[in-house]
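Inspection log for the structure reproduced underneath, given as structure tokens.
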Amino acid sequence: MAKKILIVGGGLAGTIIANGLCRQLGKELRANEVTITVIGNNEQHMYQPGLLYVPFGRIREKDLFRDQRSVLDRRVIFHVDPATKIDISTKSVATESGTTHEYDYLVLATGSRLRPDTVPGMAEGAHWFYDLDGARKMREALEGFDGGKIVVNVNAPHKCPVAPLEITFMLRDYLQERGLGDKTEITYTYPIGRLHALEPVANWTQPEFDKAGIKYETFFNTKSIDVEKKVISSEEESDIEYDLLVTIPPHHGSQVITDSDLGAGGWVPTERETLLHEGTTDVFVCGDTTNIPISKAGSTAHFEADTIIDNLSSLVTEGRMARKYDGKVFCFVETGMNQGTYVWFNYTTPPNPGAPSQMVHWFKLAYNRLYWLSARGLL
Amino acid sequence: MSERTTIDARGAFCPGPLMELIATLKLVEIGDEIDVLSSDKGSAIDIPAWVEKVKHEMVGIEEEGDFWHIVVRKIK
């Protein structure tokens, strides 16, 4: 009887794992000793980091997408059929079409989703760029913007922790290019007592913001937005007026995780080194889906995926785990339209970003293309 | 009956213990407690300062070896 590996989620994490398993389990796949199945929500795979460029018209929308089937190894069985219930006691996953998939090993890679609806006024009054529809609306709003107060408002939890800084620097450059620099005031708000979760990044950002004339308010956790008066209010009892509000909405995990009682908020309790769902030996969790207190970012998903590929292959072929995840995260940081830097860290090594340069910016632009090799497991 | 949730944020450089606490407070019920485990000594200062600012309640701070337990109760 073939061992069934079932991957729930066709985003970056699920895709890298499926492709990586095909590479490592080629012999077993040929001998029909194992099957690798992905159940996803979409025919299309979206390059999410590209959304950052959409509000400024700096990327063609079609360049954000590839056919998911073309990104997956041809040996992967792929269904567009969203999971509706995951039952780890019976080792089965039910889907929207009424199908039930049984598994020997399960990978949960269901990702995260935006929840602007959890803050009064946010869905109606704010713009965001973390999904395509939002990024298009933000592009329209920016095109019609002729100066005034812009608030960039960051909420917890959210994925891609550097994107809020990037959008702020890019907004500054964009508005200056349009001759609106002197007519615009940008205020950035952040939930904790500094400008970024990573202390060295926060220390670097503050003088950069000062130099660029970007105002900021820390300890700002959004309570509500008065859409009529155009005022955003915080739990810390601060009010800020705006003409254009750009927000990073709070995120939740996937609905199917909540519906399956696998974790509060849709985040699955996960052992930080094995990436196994706590209390299990056959359910791996990857990417945004985990409750591990590290960055929700594509690179996190990638490094976790590499660990899961090695461990799952080893379990199938030798009945043992191969290695531990060390908590590695790597992030590019766009510090304007023409400059960038990067930062990496793990559970034991603190982050230490270098000085921004044009070369790193170019490398990030190159990575916008190289991503597809990464998803295919070639990079 | 109130419940206690533990966040093991030891060695978590990003988003860090306070951000994890803020995110978790949105998910628990009023009256529930959150025990934040942090190896960053700054958390023992930052977290109580923020908790006081937003009017939740500090239950206690305890140093255990090379990390801290910082227990917070959600009260609104």
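Chain identifiers are assigned as A, B, and so on, following the order in which chains appear in the structure tokens; residues are numbered from 1 within each chain, and ligands are numbered from 1 in order of appearance.
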
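Within 7 Å of chain B, chain A contributes the residues Ala156, Pro157, Ile192, Ala197, Leu198, Glu235, Glu236, Ala264, Gly265, Pro293, Ile294, Ser295, Tyr347, Thr348 and Pro350 of chain A, using only C-alpha atoms.
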
Checklist line | region 125-316 of chain A: residues DSSP assigns to strand (DSSP E or B), reported as JSON, numbers by chain | finding: {"A": [127, 148, 149, 150, 151, 152, 153, 154, 184, 185, 186, 187, 188, 189, 215, 216, 217, 222, 223, 224, 225, 226, 231, 232, 233, 234, 239, 240, 241, 244, 245, 246, 247, 248, 251, 252, 253, 268, 270, 276, 277, 283, 284, 285, 290]}

Notebook entry, point to check: region 60-66 of chain B: which residues within 12 Å, counting only C-alpha atoms, same-chain residues fewer than 6 positions away excluded, as a ChimeraX atom specification?
Noted result: /B:10-11,33-41,43-48,51,72-73

Go ahead and write the selection's residues with N, CA and C atoms as a compact mmCIF listing (two decimals), in the first residue's frame.
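To be explicit, this is the file written out as out-v4.txt:
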```txt
# COMPACT_ATOMS: atom_id res chain seq x y z
N ARG B 10 10.86 32.73 23.72
CA ARG B 10 12.31 32.75 23.98
C ARG B 10 13.06 32.66 22.66
N GLY B 11 14.04 33.54 22.49
CA GLY B 11 14.83 33.54 21.24
C GLY B 11 14.06 34.07 20.05
N GLU B 33 -5.61 34.61 31.21
CA GLU B 33 -4.24 35.05 31.46
C GLU B 33 -3.31 34.55 30.35
N ILE B 34 -2.29 35.35 30.10
CA ILE B 34 -1.28 34.95 29.11
C ILE B 34 0.08 34.98 29.80
N ASP B 35 0.80 33.86 29.71
CA ASP B 35 2.13 33.75 30.30
C ASP B 35 3.15 33.86 29.16
N VAL B 36 3.83 35.00 29.09
CA VAL B 36 4.82 35.21 28.03
C VAL B 36 6.19 34.78 28.56
N LEU B 37 6.81 33.83 27.87
CA LEU B 37 8.17 33.43 28.22
C LEU B 37 9.11 34.20 27.30
N SER B 38 9.99 35.00 27.90
CA SER B 38 10.90 35.82 27.09
C SER B 38 12.32 35.73 27.60
N SER B 39 13.26 35.59 26.67
CA SER B 39 14.67 35.60 27.06
C SER B 39 15.27 36.99 26.87
N ASP B 40 14.42 37.95 26.45
CA ASP B 40 14.87 39.32 26.27
C ASP B 40 14.52 40.10 27.54
N LYS B 41 15.56 40.56 28.25
CA LYS B 41 15.28 41.22 29.53
C LYS B 41 14.48 42.51 29.34
N SER B 43 11.83 42.77 27.77
CA SER B 43 10.40 42.44 27.86
C SER B 43 9.85 42.68 29.26
N ALA B 44 10.71 42.46 30.27
CA ALA B 44 10.25 42.62 31.66
C ALA B 44 9.97 44.09 31.97
N ILE B 45 10.43 44.99 31.11
CA ILE B 45 10.14 46.43 31.27
C ILE B 45 9.06 46.86 30.27
N ASP B 46 9.26 46.47 28.99
CA ASP B 46 8.34 46.90 27.92
C ASP B 46 6.91 46.40 28.15
N ILE B 47 6.79 45.12 28.48
CA ILE B 47 5.45 44.54 28.56
C ILE B 47 4.64 45.18 29.69
N PRO B 48 5.17 45.28 30.93
CA PRO B 48 4.38 45.95 31.97
C PRO B 48 4.04 47.40 31.61
N VAL B 51 1.17 47.22 29.15
CA VAL B 51 -0.04 46.71 29.81
C VAL B 51 -0.70 47.80 30.64
N VAL B 72 0.07 38.21 32.16
CA VAL B 72 -0.85 39.34 31.94
C VAL B 72 -2.28 38.82 31.91
N ARG B 73 -3.20 39.59 32.50
CA ARG B 73 -4.63 39.23 32.43
C ARG B 73 -5.35 40.22 31.53
```

Checklist line | Nearby residues (only C-alpha atoms) at most 8 Å from Phe345 (chain A), same-chain spacing under 4 positions excluded, as a list in words | finding: Gly327, Lys328, Val329, Phe330, Thr349, Pro350, Pro351 and Asn352 of chain A; Phe13 of chain B

Just write the chosen residues, C-alpha atoms, as a short mmCIF file (atom, residue, chain, number, x, y, z; two decimals), in the first residue's frame.
```
data_model
loop_
_atom_site.label_atom_id
_atom_site.label_comp_id
_atom_site.auth_asym_id
_atom_site.auth_seq_id
_atom_site.Cartn_x
_atom_site.Cartn_y
_atom_site.Cartn_z
CA GLY A 327 14.53 29.28 13.12
CA LYS A 328 16.20 30.86 10.09
CA VAL A 329 14.51 33.89 8.52
CA PHE A 330 15.88 36.10 5.72
CA THR A 349 21.67 34.58 16.05
CA PRO A 350 20.35 38.13 16.36
CA PRO A 351 19.70 40.17 13.22
CA ASN A 352 22.32 42.66 11.98
CA PHE B 13 13.76 38.26 17.58
#
```

Next item on the list: Compile the contact shell of Glu273 (chain A) as an MDAnalysis selection string: residues with an atom at most 8 Å away, counting only C-alpha atoms, same-chain residues fewer than 3 positions apart removed.
Entry: chainID A and resid 324:327

Keeping N, CA and C atoms, export the residues of the selection given above as an mmCIF file, in the first residue's frame.
```cif
data_model
loop_
_atom_site.group_PDB
_atom_site.id
_atom_site.type_symbol
_atom_site.label_atom_id
_atom_site.label_comp_id
_atom_site.auth_asym_id
_atom_site.auth_seq_id
_atom_site.Cartn_x
_atom_site.Cartn_y
_atom_site.Cartn_z
ATOM 1 N N LYS A 324 16.735 19.297 12.495
ATOM 2 C CA LYS A 324 15.890 20.276 13.182
ATOM 3 C C LYS A 324 15.873 21.604 12.417
ATOM 4 N N TYR A 325 14.789 22.321 12.558
ATOM 5 C CA TYR A 325 14.701 23.688 12.019
ATOM 6 C C TYR A 325 15.352 24.633 13.008
ATOM 7 N N ASP A 326 16.234 25.512 12.507
ATOM 8 C CA ASP A 326 16.987 26.398 13.410
ATOM 9 C C ASP A 326 16.385 27.790 13.548
ATOM 10 N N GLY A 327 15.197 27.975 12.979
ATOM 11 C CA GLY A 327 14.526 29.279 13.120
ATOM 12 C C GLY A 327 14.990 30.322 12.115
#
```

Next item on the list: Using DSSP on the backbone coordinates, identify the residues of region 11-42 of chain B assigned to alpha helix (DSSP H); present them as an MDAnalysis selection string.
Entry: chainID B and resid 17:25

How about saving the chosen residues, N, CA and C atoms kept, as a PDB file, in the first residue's frame?
```
ATOM      1  N   PRO B  17       8.359  39.230  21.806  1.00  0.00           N
ATOM      2  CA  PRO B  17       7.399  38.885  22.853  1.00  0.00           C
ATOM      3  C   PRO B  17       6.208  39.837  22.981  1.00  0.00           C
ATOM      4  N   LEU B  18       6.441  41.154  22.930  1.00  0.00           N
ATOM      5  CA  LEU B  18       5.309  42.072  23.106  1.00  0.00           C
ATOM      6  C   LEU B  18       4.327  41.961  21.943  1.00  0.00           C
ATOM      7  N   MET B  19       4.849  41.862  20.741  1.00  0.00           N
ATOM      8  CA  MET B  19       3.963  41.735  19.574  1.00  0.00           C
ATOM      9  C   MET B  19       3.170  40.430  19.650  1.00  0.00           C
ATOM     10  N   GLU B  20       3.803  39.371  20.116  1.00  0.00           N
ATOM     11  CA  GLU B  20       3.089  38.092  20.283  1.00  0.00           C
ATOM     12  C   GLU B  20       1.980  38.249  21.320  1.00  0.00           C
ATOM     13  N   LEU B  21       2.293  38.974  22.402  1.00  0.00           N
ATOM     14  CA  LEU B  21       1.277  39.201  23.437  1.00  0.00           C
ATOM     15  C   LEU B  21       0.090  39.977  22.858  1.00  0.00           C
ATOM     16  N   ILE B  22       0.385  41.042  22.108  1.00  0.00           N
ATOM     17  CA  ILE B  22      -0.684  41.871  21.528  1.00  0.00           C
ATOM     18  C   ILE B  22      -1.571  41.019  20.617  1.00  0.00           C
ATOM     19  N   ALA B  23      -0.950  40.184  19.800  1.00  0.00           N
ATOM     20  CA  ALA B  23      -1.721  39.339  18.875  1.00  0.00           C
ATOM     21  C   ALA B  23      -2.571  38.328  19.651  1.00  0.00           C
ATOM     22  N   THR B  24      -1.992  37.755  20.705  1.00  0.00           N
ATOM     23  CA  THR B  24      -2.710  36.712  21.454  1.00  0.00           C
ATOM     24  C   THR B  24      -3.851  37.307  22.269  1.00  0.00           C
ATOM     25  N   LEU B  25      -3.659  38.529  22.782  1.00  0.00           N
ATOM     26  CA  LEU B  25      -4.741  39.166  23.562  1.00  0.00           C
ATOM     27  C   LEU B  25      -6.016  39.292  22.736  1.00  0.00           C
TER      28      LEU B  25
END
```

Checklist line | Near-Lys230 (chain A) list (12 Å; only C-alpha atoms; drop same-chain fewer than 2 positions) as a PyMOL selection string | finding: chain A and resi 121-122+124-126+149-151+224-228+232-233+239-245

Next item on the list: Quick one: everything within 10 Å of Ala355 (chain A), counting only C-alpha atoms, minus sequence neighbours fewer than 5 positions away in the same chain. Send it as a PyMOL selection string.
Entry: chain A and resi 204+339-342+360

May I have the selected residues written with C-alpha atoms, as an mmCIF file, in the first residue's frame?
```cif
data_model
loop_
_atom_site.group_PDB
_atom_site.id
_atom_site.type_symbol
_atom_site.label_atom_id
_atom_site.label_comp_id
_atom_site.auth_asym_id
_atom_site.auth_seq_id
_atom_site.Cartn_x
_atom_site.Cartn_y
_atom_site.Cartn_z
ATOM 1 C CA TRP A 204 18.242 52.083 11.570
ATOM 2 C CA GLN A 339 18.004 51.155 -2.510
ATOM 3 C CA GLY A 340 17.718 48.035 -0.431
ATOM 4 C CA THR A 341 19.287 45.987 2.322
ATOM 5 C CA TYR A 342 18.704 42.580 3.881
ATOM 6 C CA VAL A 360 20.763 44.723 -2.945
#
```
